[in-house]
There are 2 protein chains.
Amino acid sequence: MSMLEATLIGMSLRHGILGLLSIRPGSGYDLLNWFQETLANVWPATQSQLYGDLNKLASDGLIEVTSTGARGRKEYALTSAGREELHHWLVDVEPNRVRRNDMLLRVFFFSLLSRDEARALLERERAVFAEAGDGMRELEKSVDWTQGPLADNGRIALEWGLRYTKMQQEWADWALEQLDTER
Amino acid sequence: MSMLEATLIGMSLRHGILGLLSIRPGSGYDLLNWFQETLANVWPATQSQLYGDLNKLASDGLIEVTSTGARGRKEYALTSAGREELHHWLVDVEPNRVRRNDMLLRVFFFSLLSRDEARALLERERAVFAEAGDGMRELEKSVDWTQGPLADNGRIALEWGLRYTKMQQEWADWALEQLDTER
DNA sequence: CTGTACATGTAATACGTTACATGATTCA
DNA sequence: TGAATCATGTAACGTATTACATGTACAG
């Protein structure tokens with residue numbers, strides 16, 4: 001059991017950082033771009049939080065500054081403790097499955113709405129996820145899925161997104177039918 | 001446009017409270033139970049946060065204490081401002097669609113794992129969602145879906161859960177196949 | 001020489017969890 | 001009378017967002 005276990009449970013932004021740094025070293029600025037390019041859909045990161053967590057990871061000894069460059073650039077790399085912690089998190093830490101969904105919360109109070117208002121919400125839901133699905137199919141075409149370790153696995157995550165957006169649309173269609181048949 | 005709009009965007013626990021109080025008045029203790037019975041899967045609430053938010057809603061004039069009982073019990077009811085805010089949130093506020101998923105985050109770093117380690121994660125994922133789906137199908141049988149305004153809409157939310165858990169299992173199966181065919 | 005990109009940080013605020021803290025009422 | 005339930009609250013901490021703040025290097 002890692003000595004650092006207690007301090008790192010559930011802090012997934014930091015594990016995302018460790019994961020990206022396991023592929024290649026980089027600065028906070030690099031990491032921000034990599035997050036936006038690859039992990040944005042599963043774990044969005046803001047600039048502010050990223051820099052703070054980099055300093056925490058460094059002071060915990062999980063990453064270290066390996067070189068400094070122009071404009072105060074600090075290049076970070078994983079330490080061996082960081083690599084251990086990353087592996088530990090991947091295989092031993094139960095994923096957090098708590099989900100909050102404020103569309104579904106709204107659904108519970110549909111009785112307060114007119115049929116047209118409820119229909120508008122569901123149609124918007126269907127449209128938003130149809131568009132998200134289109135975006136993912138475009139991404140699927142535009143990325144070279146054979147290049148690099150992230151791409152290979154990214155395809156598996158993208159498949160989840162494709163299935164999720166499809167499910168959302170089908171559910172919204174089903175719910176729209178309920179609106180007509182019930183009541 | 002509501003004067004309170006700025007203060008209530010994104011605070012969905014409070015809207016969950018408003019929604020439950022729209023059905024019938026109740027105490028913090030009542031609300032805690034109602035959350036656990038009905039909304040737990042879409043918006044979990046802790047006792048601590050609930051009592052704090054009740055006081056905030058009351059000081060914002062969205063709910064009010066309508067009677068006090070034994071053991072310091074305070075029964076809350078919606079005010080007309082609260083009812084307005086609830087309707088406004090339902091129809092005018094764009095749902096927050098930001099999702100974080102630390103299983104998918106792990107997927108991006110599957111290259112760091114052996115095939116057996118990756119397989120174990122995906123099999124666990126499939127098992128967890130199979131069990132969750134079973135629980136939902138039991139719930140479906142045990143609840144009288146014709147009784148009360150929450151049940152009617154709860155069935156629509158449950159349908160989402162049934163489809164979501166099914167999708168997760170199918171995705172995990174697909175990903176397990178990829179593990180065998182690729183690499 | 002000017003704008004864009006590179007580069008890092010802090011402060012204020014909000015939301016959420018866990019643990020701590022206290023006490024009244026009811027029922028067996 | 002003791003245990004379970006009813007009932008409300010605070011404190012400490014962690015995570016996330018937005019806005020603020022500052023400055024360097026490079027390319028056209």
# chains A, B, ... in the order shown; residues from 1 in each chain; ligands from 1
$ residues_around --residues "D:DA27" --least-positions-apart "3" --cutoff "12 Å" --atoms "only C-alpha atoms (C1' of nucleotides)" --output "PyMOL selection string"
chain C and resi 1-5
$ residues_around --residues "stretch 11-16 of chain A" --least-positions-apart "6" --cutoff "7 Å" --atoms "only C-alpha atoms (C1' of nucleotides)" --output "ChimeraX atom specification"
/A:53,86 /B:102,105
$ residues_around --residues "B:Ala81" --least-positions-apart "5" --cutoff "9 Å" --atoms "only C-alpha atoms (C1' of nucleotides)" --output "count of residues only"
4
$ residues_around --residues "D:DC20" --least-positions-apart "5" --cutoff "10 Å" --atoms "only C-alpha atoms (C1' of nucleotides)" --output "VMD selection string"
chain C and resid 10 to 12
$ interface_residues --of "chain A" --to "chain D" --cutoff "12 Å" --atoms "only C-alpha atoms (C1' of nucleotides)" --output "PDB file with N, CA and C atoms, in the first residue's frame"
ATOM      1  N   THR A   7      -3.648  10.530   0.616  1.00  0.00           N
ATOM      2  CA  THR A   7      -3.691  11.912   0.124  1.00  0.00           C
ATOM      3  C   THR A   7      -4.141  12.024  -1.320  1.00  0.00           C
ATOM      4  N   LEU A   8      -4.235  10.903  -2.034  1.00  0.00           N
ATOM      5  CA  LEU A   8      -4.507  11.035  -3.462  1.00  0.00           C
ATOM      6  C   LEU A   8      -5.798  10.358  -3.925  1.00  0.00           C
ATOM      7  N   ILE A   9      -6.577   9.831  -3.013  1.00  0.00           N
ATOM      8  CA  ILE A   9      -7.820   9.182  -3.424  1.00  0.00           C
ATOM      9  C   ILE A   9      -8.821  10.214  -3.923  1.00  0.00           C
ATOM     10  N   GLY A  10      -9.304   9.945  -5.131  1.00  0.00           N
ATOM     11  CA  GLY A  10     -10.364  10.793  -5.660  1.00  0.00           C
ATOM     12  C   GLY A  10      -9.911  12.072  -6.338  1.00  0.00           C
ATOM     13  N   MET A  11      -8.629  12.326  -6.296  1.00  0.00           N
ATOM     14  CA  MET A  11      -8.144  13.565  -6.913  1.00  0.00           C
ATOM     15  C   MET A  11      -7.753  13.295  -8.347  1.00  0.00           C
ATOM     16  N   SER A  12      -8.716  13.210  -9.220  1.00  0.00           N
ATOM     17  CA  SER A  12      -8.417  12.664 -10.537  1.00  0.00           C
ATOM     18  C   SER A  12      -7.727  13.641 -11.474  1.00  0.00           C
ATOM     19  N   LEU A  13      -7.876  14.949 -11.237  1.00  0.00           N
ATOM     20  CA  LEU A  13      -7.138  15.864 -12.097  1.00  0.00           C
ATOM     21  C   LEU A  13      -5.642  15.580 -11.969  1.00  0.00           C
ATOM     22  N   ARG A  14      -5.209  15.344 -10.742  1.00  0.00           N
ATOM     23  CA  ARG A  14      -3.790  15.062 -10.533  1.00  0.00           C
ATOM     24  C   ARG A  14      -3.377  13.765 -11.212  1.00  0.00           C
ATOM     25  N   TRP A  43     -12.382  14.750 -18.504  1.00  0.00           N
ATOM     26  CA  TRP A  43     -11.937  15.449 -17.315  1.00  0.00           C
ATOM     27  C   TRP A  43     -11.442  16.860 -17.664  1.00  0.00           C
ATOM     28  N   PRO A  44     -12.373  17.808 -17.784  1.00  0.00           N
ATOM     29  CA  PRO A  44     -11.990  19.185 -18.114  1.00  0.00           C
ATOM     30  C   PRO A  44     -11.066  19.765 -17.046  1.00  0.00           C
ATOM     31  N   ALA A  45     -10.090  20.549 -17.479  1.00  0.00           N
ATOM     32  CA  ALA A  45      -9.160  21.178 -16.547  1.00  0.00           C
ATOM     33  C   ALA A  45      -9.067  22.668 -16.840  1.00  0.00           C
ATOM     34  N   THR A  46      -9.111  23.457 -15.793  1.00  0.00           N
ATOM     35  CA  THR A  46      -8.879  24.882 -15.995  1.00  0.00           C
ATOM     36  C   THR A  46      -7.408  25.188 -15.715  1.00  0.00           C
ATOM     37  N   GLN A  47      -6.953  26.273 -16.309  1.00  0.00           N
ATOM     38  CA  GLN A  47      -5.563  26.702 -16.176  1.00  0.00           C
ATOM     39  C   GLN A  47      -5.206  26.870 -14.710  1.00  0.00           C
ATOM     40  N   SER A  48      -6.121  27.480 -13.995  1.00  0.00           N
ATOM     41  CA  SER A  48      -5.912  27.816 -12.600  1.00  0.00           C
ATOM     42  C   SER A  48      -5.651  26.583 -11.742  1.00  0.00           C
ATOM     43  N   GLN A  49      -6.518  25.612 -11.926  1.00  0.00           N
ATOM     44  CA  GLN A  49      -6.418  24.407 -11.112  1.00  0.00           C
ATOM     45  C   GLN A  49      -5.177  23.600 -11.479  1.00  0.00           C
ATOM     46  N   LEU A  50      -4.881  23.594 -12.772  1.00  0.00           N
ATOM     47  CA  LEU A  50      -3.748  22.835 -13.278  1.00  0.00           C
ATOM     48  C   LEU A  50      -2.439  23.293 -12.627  1.00  0.00           C
ATOM     49  N   GLY A  52      -1.979  24.971  -9.883  1.00  0.00           N
ATOM     50  CA  GLY A  52      -1.997  24.673  -8.457  1.00  0.00           C
ATOM     51  C   GLY A  52      -1.670  23.227  -8.175  1.00  0.00           C
ATOM     52  N   ASP A  53      -2.278  22.329  -8.953  1.00  0.00           N
ATOM     53  CA  ASP A  53      -2.065  20.904  -8.717  1.00  0.00           C
ATOM     54  C   ASP A  53      -0.653  20.473  -9.101  1.00  0.00           C
ATOM     55  N   GLY A  69      13.067  26.799 -18.777  1.00  0.00           N
ATOM     56  CA  GLY A  69      13.321  27.418 -20.072  1.00  0.00           C
ATOM     57  C   GLY A  69      12.955  28.891 -20.074  1.00  0.00           C
ATOM     58  N   ALA A  70      12.754  29.402 -21.229  1.00  0.00           N
ATOM     59  CA  ALA A  70      12.407  30.804 -21.407  1.00  0.00           C
ATOM     60  C   ALA A  70      11.072  31.108 -20.733  1.00  0.00           C
ATOM     61  N   ARG A  71      10.881  32.351 -20.380  1.00  0.00           N
ATOM     62  CA  ARG A  71       9.620  32.834 -19.784  1.00  0.00           C
ATOM     63  C   ARG A  71       9.222  32.059 -18.528  1.00  0.00           C
ATOM     64  N   GLY A  72      10.187  31.629 -17.780  1.00  0.00           N
ATOM     65  CA  GLY A  72       9.900  30.926 -16.533  1.00  0.00           C
ATOM     66  C   GLY A  72       9.348  29.533 -16.720  1.00  0.00           C
ATOM     67  N   ARG A  73       9.483  29.005 -17.938  1.00  0.00           N
ATOM     68  CA  ARG A  73       8.947  27.682 -18.224  1.00  0.00           C
ATOM     69  C   ARG A  73       9.593  26.621 -17.333  1.00  0.00           C
TER      70      ARG A  73
END
$ interface_residues --of "chain B" --to "chain A" --cutoff "7 Å" --atoms "only C-alpha atoms" --output "ChimeraX atom specification"
/B:12,16,19,42-43,90-91,95-96,99-111,117,149-150,153-154,156-157,160,163,167,171,175
$ closest_atom_pairs --of "chain C" --to "chain A" --cutoff "8 Å" --atoms "only C-alpha atoms (C1' of nucleotides)" --output "JSON lines"
{"residue": "C:DC6", "atom": "C1'", "partner": "A:Arg71", "partner_atom": "CA", "distance": 7.3}
{"residue": "C:DA7", "atom": "C1'", "partner": "A:Arg71", "partner_atom": "CA", "distance": 5.8}
{"residue": "C:DT8", "atom": "C1'", "partner": "A:Gly72", "partner_atom": "CA", "distance": 7.4}
{"residue": "C:DG9", "atom": "C1'", "partner": "A:Tyr51", "partner_atom": "CA", "distance": 7.6}
$ write_last_selection --atoms "all heavy atoms" --output "compact mmCIF listing (two decimals), in the first residue's frame"
# COMPACT_ATOMS: atom_id res chain seq x y z
P DC C 6 1.71 28.97 -28.31
OP1 DC C 6 2.43 27.92 -29.04
OP2 DC C 6 0.34 28.76 -27.79
O5' DC C 6 2.63 29.45 -27.08
C5' DC C 6 4.00 29.75 -27.35
C4' DC C 6 4.65 30.26 -26.09
O4' DC C 6 3.99 31.47 -25.65
C3' DC C 6 4.57 29.28 -24.90
O3' DC C 6 5.89 29.04 -24.45
C2' DC C 6 3.71 30.01 -23.88
C1' DC C 6 3.95 31.46 -24.24
N1 DC C 6 2.88 32.42 -23.83
C2 DC C 6 3.21 33.48 -22.98
O2 DC C 6 4.38 33.57 -22.57
N3 DC C 6 2.24 34.36 -22.62
C4 DC C 6 0.99 34.23 -23.09
N4 DC C 6 0.07 35.13 -22.71
C5 DC C 6 0.64 33.15 -23.97
C6 DC C 6 1.60 32.28 -24.31
P DA C 7 6.22 27.84 -23.52
OP1 DA C 7 7.68 27.70 -23.45
OP2 DA C 7 5.38 26.71 -23.95
O5' DA C 7 5.64 28.35 -22.12
C5' DA C 7 6.46 29.20 -21.30
C4' DA C 7 5.69 29.73 -20.13
O4' DA C 7 4.77 30.75 -20.49
C3' DA C 7 4.79 28.76 -19.36
O3' DA C 7 5.58 28.03 -18.42
C2' DA C 7 3.80 29.70 -18.68
C1' DA C 7 4.07 31.06 -19.31
N9 DA C 7 2.86 31.84 -19.58
C8 DA C 7 1.87 31.58 -20.49
N7 DA C 7 0.88 32.45 -20.48
C5 DA C 7 1.26 33.35 -19.48
C6 DA C 7 0.64 34.51 -18.95
N6 DA C 7 -0.52 34.99 -19.38
N1 DA C 7 1.29 35.16 -17.96
C2 DA C 7 2.46 34.69 -17.52
N3 DA C 7 3.15 33.61 -17.93
C4 DA C 7 2.48 32.98 -18.92
P DT C 8 4.81 27.09 -17.34
OP1 DT C 8 5.89 26.27 -16.76
OP2 DT C 8 3.61 26.50 -17.92
O5' DT C 8 4.37 28.15 -16.23
C5' DT C 8 5.37 28.91 -15.57
C4' DT C 8 4.74 29.85 -14.58
O4' DT C 8 3.80 30.73 -15.25
C3' DT C 8 3.93 29.16 -13.48
O3' DT C 8 4.61 29.32 -12.24
C2' DT C 8 2.57 29.84 -13.50
C1' DT C 8 2.82 31.10 -14.33
N1 DT C 8 1.61 31.54 -15.06
C2 DT C 8 1.03 32.73 -14.69
O2 DT C 8 1.48 33.45 -13.81
N3 DT C 8 -0.11 33.07 -15.39
C4 DT C 8 -0.71 32.34 -16.40
O4 DT C 8 -1.72 32.74 -16.95
C5 DT C 8 -0.04 31.10 -16.76
C7 DT C 8 -0.59 30.24 -17.85
C6 DT C 8 1.07 30.77 -16.07
P DG C 9 4.22 28.43 -10.96
OP1 DG C 9 5.35 28.46 -10.03
OP2 DG C 9 3.66 27.15 -11.39
O5' DG C 9 3.04 29.29 -10.36
C5' DG C 9 3.44 30.45 -9.65
C4' DG C 9 2.35 31.45 -9.61
O4' DG C 9 1.63 31.53 -10.86
C3' DG C 9 1.21 31.19 -8.64
O3' DG C 9 1.65 31.46 -7.33
C2' DG C 9 0.20 32.22 -9.11
C1' DG C 9 0.56 32.43 -10.57
N9 DG C 9 -0.55 32.21 -11.48
C8 DG C 9 -0.78 31.19 -12.37
N7 DG C 9 -1.88 31.32 -13.06
C5 DG C 9 -2.42 32.53 -12.60
C6 DG C 9 -3.61 33.22 -12.96
O6 DG C 9 -4.45 32.89 -13.81
N1 DG C 9 -3.78 34.39 -12.24
C2 DG C 9 -2.91 34.85 -11.28
N2 DG C 9 -3.23 35.99 -10.69
N3 DG C 9 -1.79 34.24 -10.94
C4 DG C 9 -1.61 33.09 -11.62
$ select_by_dssp --residues "stretch 83-138 of chain B" --states "helix (DSSP H, G or I)" --output "MDAnalysis selection string"
chainID B and resid 83:92 102:107 110:112 115:138
$ select_by_dssp --residues "chain A" --states "strand (DSSP E)" --output "list of chain:residue names"
A:Ile63, A:Glu64, A:Val65, A:Thr66, A:Ser67, A:Thr68, A:Lys74, A:Glu75, A:Tyr76, A:Ala77, A:Leu78
$ closest_residue --among "B:Lys141, B:Gln147, B:Ala132, B:Arg126" --to "B:Gln169" --atoms "only C-alpha atoms"
B:Arg126
$ atom_distance --atom1 "atom CA of B:Ala127" --atom2 "atom CA of B:Leu162"
14.5 Å
$ atom_distance --atom1 "atom CA of B:Val143" --atom2 "atom CA of B:Leu32"
19.4 Å
$ atom_distance --atom1 "atom CA of B:Glu85" --atom2 "atom CA of A:Glu123"
22.2 Å
